[in-house]
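Next comes upload-v9.txt, with compact mmCIF, C-alpha atoms and all ligand atoms.
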```txt
# COMPACT_ATOMS: atom_id res chain seq x y z
CA MET A 1366 39.38 -208.78 98.58
CA ASP A 1367 37.31 -209.07 101.79
CA GLU A 1368 35.66 -206.04 103.38
CA SER A 1369 38.21 -205.65 106.18
CA LEU A 1370 41.08 -205.80 103.73
CA SER A 1371 39.56 -203.20 101.46
CA ARG A 1372 38.87 -200.92 104.48
CA VAL A 1373 42.45 -201.27 105.73
CA THR A 1374 44.15 -200.86 102.35
CA LYS A 1375 42.04 -197.79 101.57
CA ALA A 1376 42.72 -196.20 104.96
CA LEU A 1377 46.45 -196.94 104.66
CA ASP A 1378 46.55 -195.29 101.24
CA ASP A 1379 44.85 -192.25 102.79
CA VAL A 1380 47.35 -191.86 105.65
CA ALA A 1381 50.64 -192.94 104.05
CA ASP A 1382 52.62 -193.06 100.86
CA VAL A 1383 52.72 -196.81 100.33
CA GLY A 1384 55.05 -198.88 98.19
CA TYR A 1385 54.42 -202.45 97.05
CA LEU A 1386 56.70 -205.45 96.72
CA TRP A 1387 56.45 -209.16 96.03
CA HIS A 1388 53.37 -208.51 93.91
CA GLN A 1389 52.85 -212.22 93.26
CA GLY A 1390 54.23 -213.44 96.61
CA LEU A 1391 57.79 -214.16 97.74
CA LEU A 1392 58.10 -217.94 98.18
CA ASN A 1393 54.58 -218.99 97.18
CA PRO A 1394 51.78 -217.32 95.23
CA GLY A 1395 50.31 -214.47 97.29
CA GLY A 1396 51.21 -210.91 98.20
CA PRO A 1397 51.45 -208.10 97.54
CA HIS A 1398 53.37 -206.86 100.59
CA ARG A 1399 53.71 -203.23 101.55
CA ARG A 1400 56.24 -200.79 102.96
CA LEU A 1401 56.40 -197.04 103.32
CA LYS A 1402 57.83 -195.27 100.30
CA GLY A 1403 61.42 -194.21 100.95
CA PHE A 1404 62.03 -196.92 103.54
CA HIS A 1405 63.26 -200.41 102.86
CA TYR A 1406 61.92 -201.61 106.23
CA PRO A 1407 59.60 -202.54 107.80
CA ILE A 1408 57.78 -204.82 105.36
CA SER A 1409 54.21 -205.93 106.03
CA ILE A 1410 52.68 -209.35 105.66
CA GLY A 1411 51.04 -210.06 102.29
CA GLU A 1412 47.39 -209.51 101.48
CA ASP A 1413 47.01 -213.29 101.16
CA GLU A 1414 48.35 -213.60 104.70
CA CYS A 1415 45.77 -211.09 105.94
CA THR A 1416 43.02 -213.23 104.48
CA ALA A 1417 44.58 -216.33 106.08
CA PHE A 1418 44.13 -214.49 109.40
CA GLY A 1419 40.61 -213.51 108.37
CA ARG A 1420 39.61 -217.14 107.89
CA LEU A 1421 41.16 -218.03 111.24
CA ILE A 1422 39.31 -215.27 113.08
CA GLU A 1423 35.97 -216.08 111.44
CA LYS A 1424 36.38 -219.71 112.42
CA PHE A 1425 37.78 -219.47 115.96
CA ARG A 1426 36.50 -216.02 117.00
CA PRO A 1427 39.39 -215.12 119.34
CA GLU A 1428 38.38 -212.55 121.95
CA HIS A 1429 41.89 -211.34 122.68
CA CYS A 1430 44.94 -211.09 120.44
CA TYR A 1431 48.56 -210.12 121.20
CA ILE A 1432 50.94 -209.14 118.38
CA ILE A 1433 54.72 -208.76 118.50
CA GLY A 1434 55.90 -206.57 115.59
CA ASN A 1435 53.45 -203.90 114.42
CA ALA A 1436 55.39 -201.75 111.93
CA PHE A 1437 52.87 -199.37 110.26
CA GLY A 1438 49.92 -201.40 111.49
CA PHE A 1439 48.86 -203.28 108.37
CA SER A 1440 48.43 -206.71 109.96
CA SER A 1441 47.13 -205.43 113.30
CA ALA A 1442 44.54 -203.11 111.73
CA TYR A 1443 43.32 -205.98 109.57
CA ILE A 1444 43.22 -208.47 112.45
CA ALA A 1445 41.49 -205.98 114.77
CA ASP A 1446 38.98 -205.01 112.09
CA VAL A 1447 38.00 -208.65 111.46
CA MET A 1448 37.92 -209.33 115.22
CA LYS A 1449 35.66 -206.31 115.77
CA HIS A 1450 33.11 -207.88 113.40
CA HIS A 1451 33.39 -211.33 114.98
CA GLY A 1452 33.03 -210.71 118.69
CA GLY A 1453 36.65 -209.79 119.39
CA LYS A 1454 37.36 -207.65 122.46
CA SER A 1455 41.00 -206.60 122.41
CA CYS A 1456 44.14 -206.58 120.33
CA VAL A 1457 47.43 -205.36 121.79
CA THR A 1458 50.51 -204.74 119.68
CA LEU A 1459 54.10 -204.40 120.87
CA ASP A 1460 56.77 -202.75 118.72
CA ASN A 1461 60.06 -201.13 119.69
CA GLN A 1462 60.17 -198.99 116.51
CA SER A 1463 63.67 -200.26 115.77
CA GLU A 1464 63.28 -201.08 112.08
CA GLY A 1465 63.66 -198.57 109.26
CA ALA A 1466 60.76 -196.13 109.37
CA GLY A 1467 60.49 -196.79 113.16
CA GLU A 1468 58.66 -193.91 114.81
CA ILE A 1469 57.08 -192.74 111.52
CA ALA A 1470 55.69 -196.25 110.99
CA ALA A 1471 54.30 -196.28 114.53
CA GLY A 1472 52.60 -192.92 113.90
CA ILE A 1473 50.94 -194.33 110.79
CA ALA A 1474 49.83 -197.44 112.70
CA GLN A 1475 48.08 -195.19 115.20
CA LYS A 1476 46.47 -193.05 112.47
CA LEU A 1477 45.18 -196.24 110.88
CA THR A 1478 43.74 -197.36 114.21
CA ASP A 1479 41.98 -194.02 114.66
CA MET A 1480 40.75 -193.73 111.10
CA LEU A 1481 39.26 -197.23 111.11
CA GLU A 1482 37.61 -196.54 114.48
CA LEU A 1483 39.44 -199.44 116.09
CA THR A 1484 40.56 -197.57 119.21
CA GLU A 1485 38.23 -199.53 121.48
CA ILE A 1486 39.78 -202.80 120.47
CA LEU A 1487 43.31 -202.04 119.21
CA ARG A 1488 46.01 -200.72 121.52
CA ASN A 1489 49.47 -200.10 120.07
CA LYS A 1490 52.23 -200.12 122.66
CA LYS A 1491 55.90 -199.22 122.42
CA GLY A 1492 58.36 -201.71 123.87
CA SER A 1493 60.63 -204.65 123.15
CA ALA A 1494 59.87 -208.32 123.19
CA PRO A 1495 60.43 -210.30 125.21
CA GLN A 1496 61.24 -207.99 128.14
CA ASP A 1497 58.18 -205.74 127.81
CA ILE A 1498 55.61 -208.45 127.20
CA SER A 1499 54.63 -208.86 130.85
CA SER A 1500 54.06 -205.12 131.32
CA THR A 1501 51.98 -204.73 128.15
CA VAL A 1502 49.67 -207.75 128.24
CA GLU A 1503 46.13 -206.98 129.39
CA GLN A 1504 44.83 -210.54 129.69
CA GLU A 1505 45.90 -213.66 131.53
CA VAL A 1506 45.31 -215.72 128.40
CA TYR A 1507 45.27 -214.77 124.71
CA GLU A 1508 43.40 -216.90 122.19
CA LEU A 1509 45.51 -215.55 119.31
CA ILE A 1510 49.18 -214.56 119.41
CA PHE A 1511 51.09 -213.36 116.34
CA ILE A 1512 54.90 -213.32 116.45
CA ASP A 1513 56.35 -211.06 113.73
CA GLY A 1514 59.06 -209.00 115.44
CA LEU A 1515 62.82 -209.29 114.91
CA HIS A 1516 63.60 -212.29 112.73
CA ARG A 1517 66.84 -213.60 114.24
CA HIS A 1518 67.93 -216.60 116.23
CA PRO A 1519 67.39 -216.90 119.21
CA GLN A 1520 65.18 -213.75 119.27
CA VAL A 1521 62.08 -215.47 117.87
CA THR A 1522 62.47 -218.28 120.40
CA HIS A 1523 62.75 -215.67 123.16
CA ASP A 1524 59.59 -213.99 121.83
CA LEU A 1525 57.79 -217.33 121.99
CA GLU A 1526 59.06 -218.00 125.51
CA GLY A 1527 57.84 -214.52 126.47
CA VAL A 1528 54.28 -215.26 125.40
CA LEU A 1529 54.10 -218.86 126.66
CA PRO A 1530 52.77 -217.75 130.09
CA TYR A 1531 49.79 -216.21 128.25
CA CYS A 1532 48.99 -219.32 126.22
CA GLY A 1533 45.99 -221.38 127.31
CA ASP A 1534 44.85 -224.75 126.02
CA ASP A 1535 43.13 -223.15 123.04
CA THR A 1536 45.67 -220.50 122.11
CA ILE A 1537 46.76 -220.33 118.49
CA VAL A 1538 50.27 -218.97 118.00
CA VAL A 1539 51.08 -217.75 114.49
CA PHE A 1540 54.62 -217.34 113.17
CA HIS A 1541 55.40 -215.41 109.98
CA ASP A 1542 58.37 -215.91 107.61
CA SER A 1543 59.15 -219.56 108.16
CA TRP A 1544 62.04 -219.17 105.68
CA ILE A 1545 64.09 -216.84 107.91
CA ILE A 1546 66.64 -218.18 110.37
CA GLY A 1547 65.16 -217.98 113.87
CA VAL A 1548 61.58 -218.87 112.94
CA PRO A 1549 62.05 -222.65 112.39
CA GLU A 1550 64.05 -222.78 115.64
CA ALA A 1551 61.16 -221.11 117.51
CA VAL A 1552 58.69 -223.50 115.88
CA GLN A 1553 60.85 -226.39 117.09
CA ARG A 1554 60.70 -224.90 120.59
CA ALA A 1555 56.90 -224.68 120.31
CA LYS A 1556 56.80 -228.39 119.45
CA GLU A 1557 58.85 -229.15 122.57
CA GLU A 1558 56.19 -227.23 124.50
CA GLY A 1559 53.47 -229.52 123.14
CA PHE A 1560 52.25 -227.48 120.17
CA ARG A 1561 51.34 -229.10 116.87
CA CYS A 1562 52.48 -226.85 114.05
CA LEU A 1563 50.88 -226.44 110.65
CA TRP A 1564 53.04 -224.88 107.91
CA VAL A 1565 50.93 -223.02 105.36
CA PRO A 1566 52.29 -221.96 101.93
CA THR A 1567 51.39 -218.27 101.97
CA SER A 1568 53.64 -215.69 100.33
CA CYS A 1569 56.24 -215.72 103.14
CA GLU A 1570 54.98 -218.94 104.74
CA MET A 1571 53.11 -218.97 108.04
CA ILE A 1572 53.01 -221.53 110.83
CA PHE A 1573 49.86 -222.02 112.90
CA ALA A 1574 50.52 -223.71 116.25
CA THR A 1575 48.13 -225.08 118.86
CA ARG A 1576 48.20 -227.56 121.72
CA ASN A 1577 44.57 -228.48 121.19
CA GLU A 1578 44.17 -231.62 119.04
CA GLN A 1579 40.63 -230.77 117.94
CA GLN A 1580 41.67 -227.26 117.03
CA PHE A 1581 44.64 -228.61 115.07
CA ALA A 1582 42.29 -230.79 113.02
CA GLU A 1583 40.14 -227.70 112.39
CA LEU A 1584 43.22 -225.76 111.30
CA GLN A 1585 44.06 -228.56 108.86
CA ALA A 1586 40.55 -228.32 107.43
CA LEU A 1587 40.80 -224.52 107.23
CA TYR A 1588 44.14 -224.64 105.39
CA PRO A 1589 43.94 -227.83 103.31
CA ASP A 1590 47.33 -227.11 101.69
CA GLY A 1591 48.98 -226.95 105.13
CA ILE A 1592 51.59 -229.52 106.07
CA GLU A 1593 52.59 -230.63 109.55
CA ASP A 1594 56.31 -231.02 110.18
CA LYS A 1595 57.27 -229.49 106.86
CA GLY A 1596 60.80 -228.90 108.07
CA HIS A 1597 62.40 -225.75 106.78
CA ARG A 1598 63.59 -224.65 103.40
CA ASN A 1599 67.17 -224.23 102.47
CA TYR A 1600 67.69 -220.70 103.85
CA PHE A 1601 69.71 -219.80 100.77
CA TYR A 1602 66.63 -220.11 98.51
CA GLY A 1603 64.58 -217.51 100.38
CA TRP A 1604 67.52 -215.17 100.75
CA THR A 1605 68.24 -215.33 97.02
CA LEU A 1606 64.68 -214.21 96.24
CA TYR A 1607 64.88 -211.57 98.92
CA ALA A 1608 68.28 -210.27 97.75
CA ARG A 1609 67.02 -209.96 94.17
CA GLU A 1610 64.22 -207.65 95.29
CA THR A 1611 66.53 -205.69 97.61
CA VAL A 1612 69.01 -204.98 94.81
CA ALA A 1613 66.12 -203.88 92.55
CA TYR A 1614 64.81 -201.59 95.32
CA HIS A 1615 68.18 -199.86 95.80
CA LEU A 1616 68.73 -199.48 92.05
CA LYS A 1617 65.28 -197.90 91.68
CA LYS A 1618 66.03 -195.58 94.60
CA LEU A 1619 69.31 -194.59 92.99
CA ILE A 1620 67.59 -193.55 89.77
CA GLY A 1621 64.73 -191.88 91.64
CA ARG A 1622 62.02 -194.38 90.67
CA GLU A 1623 61.24 -195.62 94.22
C1 LIG B 1701 58.17 -207.50 109.95
S1 LIG B 1701 57.77 -206.05 110.84
C2 LIG B 1701 56.14 -206.34 111.37
C3 LIG B 1701 55.14 -206.27 110.28
C4 LIG B 1701 53.69 -206.26 110.75
N1 LIG B 1701 53.38 -207.45 111.49
C5 LIG B 1701 52.76 -206.12 109.57
O1 LIG B 1701 52.62 -207.08 108.82
O2 LIG B 1701 52.19 -205.05 109.35
C6 LIG B 1701 58.71 -206.25 112.29
C7 LIG B 1701 58.51 -205.17 113.35
O3 LIG B 1701 59.07 -205.67 114.55
C8 LIG B 1701 59.62 -204.61 115.29
N2 LIG B 1701 60.60 -205.18 116.24
C9 LIG B 1701 61.86 -205.59 116.01
N3 LIG B 1701 62.39 -206.12 117.13
C10 LIG B 1701 61.43 -206.05 118.09
C11 LIG B 1701 61.37 -206.42 119.45
N4 LIG B 1701 62.40 -207.02 120.07
N5 LIG B 1701 60.23 -206.18 120.13
C12 LIG B 1701 59.17 -205.58 119.53
N6 LIG B 1701 59.17 -205.21 118.24
C13 LIG B 1701 60.28 -205.45 117.52
C14 LIG B 1701 60.22 -203.69 114.24
O4 LIG B 1701 60.31 -202.36 114.71
C15 LIG B 1701 59.22 -203.85 113.07
O5 LIG B 1701 58.28 -202.79 113.09
```
Exercise: express the given structure as structure tokens:
Amino acid sequence: MDESLSRVTKALDDVADVGYLWHQGLLNPGGPHRRLKGFHYPISIGEDECTAFGRLIEKFRPEHCYIIGNAFGFSSAYIADVMKHHGGKSCVTLDNQSEGAGEIAAGIAQKLTDMLELTEILRNKKGSAPQDISSTVEQEVYELIFIDGLHRHPQVTHDLEGVLPYCGDDTIVVFHDSWIIGVPEAVQRAKEEGFRCLWVPTSCEMIFATRNEQQFAELQALYPDGIEDKGHRNYFYGWTLYARETVAYHLKKLIGRE
């Protein structure tokens, strides 16, 4: 575990009652993922996906990052913490608190920000993508954009369209959960906008997109198991794995073990 990840996981354990799922990864080896005990949603990215971000930030040193979908702040605290140690200047998150733990999750995200002394760099904002993107951005161009809000079609495509005005030549856009309907469609839209897209087999599968050819080659070197134009999985496969865990969660809750 890298230093940022151990700082964030420790701080999260101090401010929240955390549950774990997909201990070995959902679709590929990785994980674990987290959620707040007593709430099925929201679910965080996996620890392996944090470290995939860590490698990206160490390599490309983005100054400014914009994140759609913050939940209880696991990914944003990690990204901001790594950025803080690699010349990063700002990280803005946008979340409408619509999923599961909602406002409670947002409160924990803010506690995490404060506890990790990330307030100078990390600003958590309440609002909905795509309509509140323009009023919450603080930069004309973001070097790193992470789309992890509502996973539906065409919502993810709308989220992408909302951030396109803030994409420069060197912006890297990251999508999470390539197995969920809405994400492959948004990735297709990114390709139409001139992005090359690298699918990477993390726990829930991530896509790293850039318009810069040199940067794309560097992404390929950074994630040697990445594949361009992977296409998307049969949606049924991912949902079967997901449904299995969901049933187990509700059974455990029923017998008081969750
Ligand atoms: C999968 S969770 C994000 C997890 C987070 N990135 C992490 O790994 O810690 C999705 C989040 O998106 C938020 N959300 C859903 N629809 C949204 C929208 N239209 N705009 C902004 N946030 C949204 C939900 O409230 C939820 O907290």
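If you look at CA of Ala1470 (chain A) and CA of His1388 (chain A), they are 21.2 Å away from each other.
Proximity to Asp1590 (chain A) was assessed for A:Pro1495, A:His1398, A:Tyr1614, A:Ala1417 counting all atoms listed in the file; the smallest distance is recorded for A:Ala1417.
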**OP:** Pick out the closest residue to ligand LIG 1701 (chain B) from this set: A:Gln1504, A:Thr1611, A:Thr1416, A:Asn1435. Count only C-alpha atoms and all ligand atoms.
**Re:**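 Selected residue with least distance to ligand LIG 1701 (chain B): A:Asn1435.
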Original post:
Which residue, A:Ser1369, A:Thr1374, A:Gln1389, A:Ser1409, has the smallest gap to ligand LIG 1701 (chain B) when you use only C-alpha atoms and all ligand atoms?
Top reply: A:Ser1409
Original post:
Distance CA of Ile1546 (chain A)-CA of Tyr1602 (chain A), one decimal place?
Top reply: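 Interatomic distance here is 12.0 Å.
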Original post:
Within 10 Å of (53.6, -216.0, 103.1), all atoms listed in the file: residues as a count of residues only?
Top reply: 28
Listing only residues of chain A within 9 Å of ligand LIG 1701 (chain B), what is the closest atom pair and its distance in Å (to one decimal) for each, using only C-alpha atoms and all ligand atoms, sorted by chain and residue number ascending, as CSV?
```
residue,atom,partner,partner_atom,distance
A:His1398,CA,B:LIG1701,O1,8.3
A:Arg1399,CA,B:LIG1701,O2,8.2
A:Arg1400,CA,B:LIG1701,O2,8.7
A:Tyr1406,CA,B:LIG1701,S1,7.6
A:Pro1407,CA,B:LIG1701,S1,5.0
A:Ile1408,CA,B:LIG1701,C1,5.3
A:Ser1409,CA,B:LIG1701,O1,3.4
A:Ile1410,CA,B:LIG1701,O1,3.9
A:Gly1411,CA,B:LIG1701,O1,7.3
A:Glu1414,CA,B:LIG1701,O1,8.8
A:Cys1415,CA,B:LIG1701,O1,8.4
A:Ile1432,CA,B:LIG1701,N1,7.5
A:Ile1433,CA,B:LIG1701,C12,5.6
A:Gly1434,CA,B:LIG1701,O3,3.5
A:Asn1435,CA,B:LIG1701,C4,4.4
A:Ala1436,CA,B:LIG1701,O5,3.3
A:Phe1437,CA,B:LIG1701,O2,5.8
A:Gly1438,CA,B:LIG1701,O2,4.8
A:Phe1439,CA,B:LIG1701,O2,3.9
A:Ser1440,CA,B:LIG1701,O2,4.2
A:Ser1441,CA,B:LIG1701,O2,6.4
A:Ala1442,CA,B:LIG1701,O2,8.2
A:Tyr1443,CA,B:LIG1701,O2,8.9
A:Thr1458,CA,B:LIG1701,C12,8.7
A:Leu1459,CA,B:LIG1701,C12,5.4
A:Asp1460,CA,B:LIG1701,N6,3.5
A:Asn1461,CA,B:LIG1701,N6,4.4
A:Gln1462,CA,B:LIG1701,O4,3.8
A:Ser1463,CA,B:LIG1701,O4,4.1
A:Glu1464,CA,B:LIG1701,O4,4.2
A:Gly1465,CA,B:LIG1701,O4,7.4
A:Ala1466,CA,B:LIG1701,O5,8.0
A:Gly1467,CA,B:LIG1701,O4,5.8
A:Glu1468,CA,B:LIG1701,O4,8.6
A:Ala1470,CA,B:LIG1701,O5,7.3
A:Ala1471,CA,B:LIG1701,O5,7.8
A:Ala1474,CA,B:LIG1701,O2,8.6
A:Lys1491,CA,B:LIG1701,C12,7.7
A:Gly1492,CA,B:LIG1701,C12,5.9
A:Ser1493,CA,B:LIG1701,N5,3.4
A:Ala1494,CA,B:LIG1701,N5,3.8
A:Pro1495,CA,B:LIG1701,N4,6.4
A:Gln1496,CA,B:LIG1701,N4,8.2
A:Asp1497,CA,B:LIG1701,N5,8.0
A:Ile1498,CA,B:LIG1701,N5,8.7
A:Phe1511,CA,B:LIG1701,N1,8.0
A:Ile1512,CA,B:LIG1701,N1,7.8
A:Asp1513,CA,B:LIG1701,N1,5.2
A:Gly1514,CA,B:LIG1701,O3,3.4
A:Leu1515,CA,B:LIG1701,N3,3.9
A:His1516,CA,B:LIG1701,C9,7.7
A:Gln1520,CA,B:LIG1701,N4,7.3
A:Val1521,CA,B:LIG1701,N4,8.7
A:Asp1524,CA,B:LIG1701,N4,7.7
A:His1541,CA,B:LIG1701,N1,8.3
A:Asp1542,CA,B:LIG1701,C1,8.7
```
Subject >> Pick from A:Glu1368, A:Gly1419, A:Asp1535, A:Glu1550, whichever lies nearest to His1597 (chain A) using all atoms listed in the file >> reply: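 Counting all atoms listed in the file, the residue closest to His1597 (chain A) is A:Glu1550.
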Original post:
Quick one: of A:Ile1620, A:Leu1563, A:Val1457, A:Ala1574, who's nearest to Glu1593 (chain A), counting all atoms listed in the file?
Top reply: A:Leu1563
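When all atoms listed in the file are used to measure the gap to Glu1503 (chain A), the shortest distance among A:Tyr1431, A:Phe1573, A:Phe1581, A:Tyr1588 belongs to A:Tyr1431.
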**OP:** Find the residues near Ala1376 (chain A): any atom within 12 Å, counting only C-alpha atoms, skip ones fewer than 2 places away on the same chain, and give them as a PyMOL selection string.
**Re:** chain A and resi 1369-1374+1378-1383+1437-1439+1442-1443+1446+1473-1482
**OP:** In Å, rounded to a single decimal, give me how far CA of Arg1517 (chain A) is from CA of Val1612 (chain A).
**Re:** 21.4 Å
Subject >> Non-local contacts of Leu1421 (chain A) (12 Å; only C-alpha atoms; under 6 positions in same chain excluded) as a ChimeraX atom specification >> reply: /A:1414-1415,1427,1444,1447-1448,1451,1508-1510,1537-1539,1573,1580-1581,1583-1588
First collect every listed atom of region 1580-1594 of chain A; then fit an axis-aligned box around them, widen it by 5 Å on each side, and give centre and edge lengths in Å to one decimal, as AutoDock Vina command-line options.
```
--center_x 48.2 --center_y -227.8 --center_z 109.4 --size_x 26.2 --size_y 16.5 --size_z 25.3
```
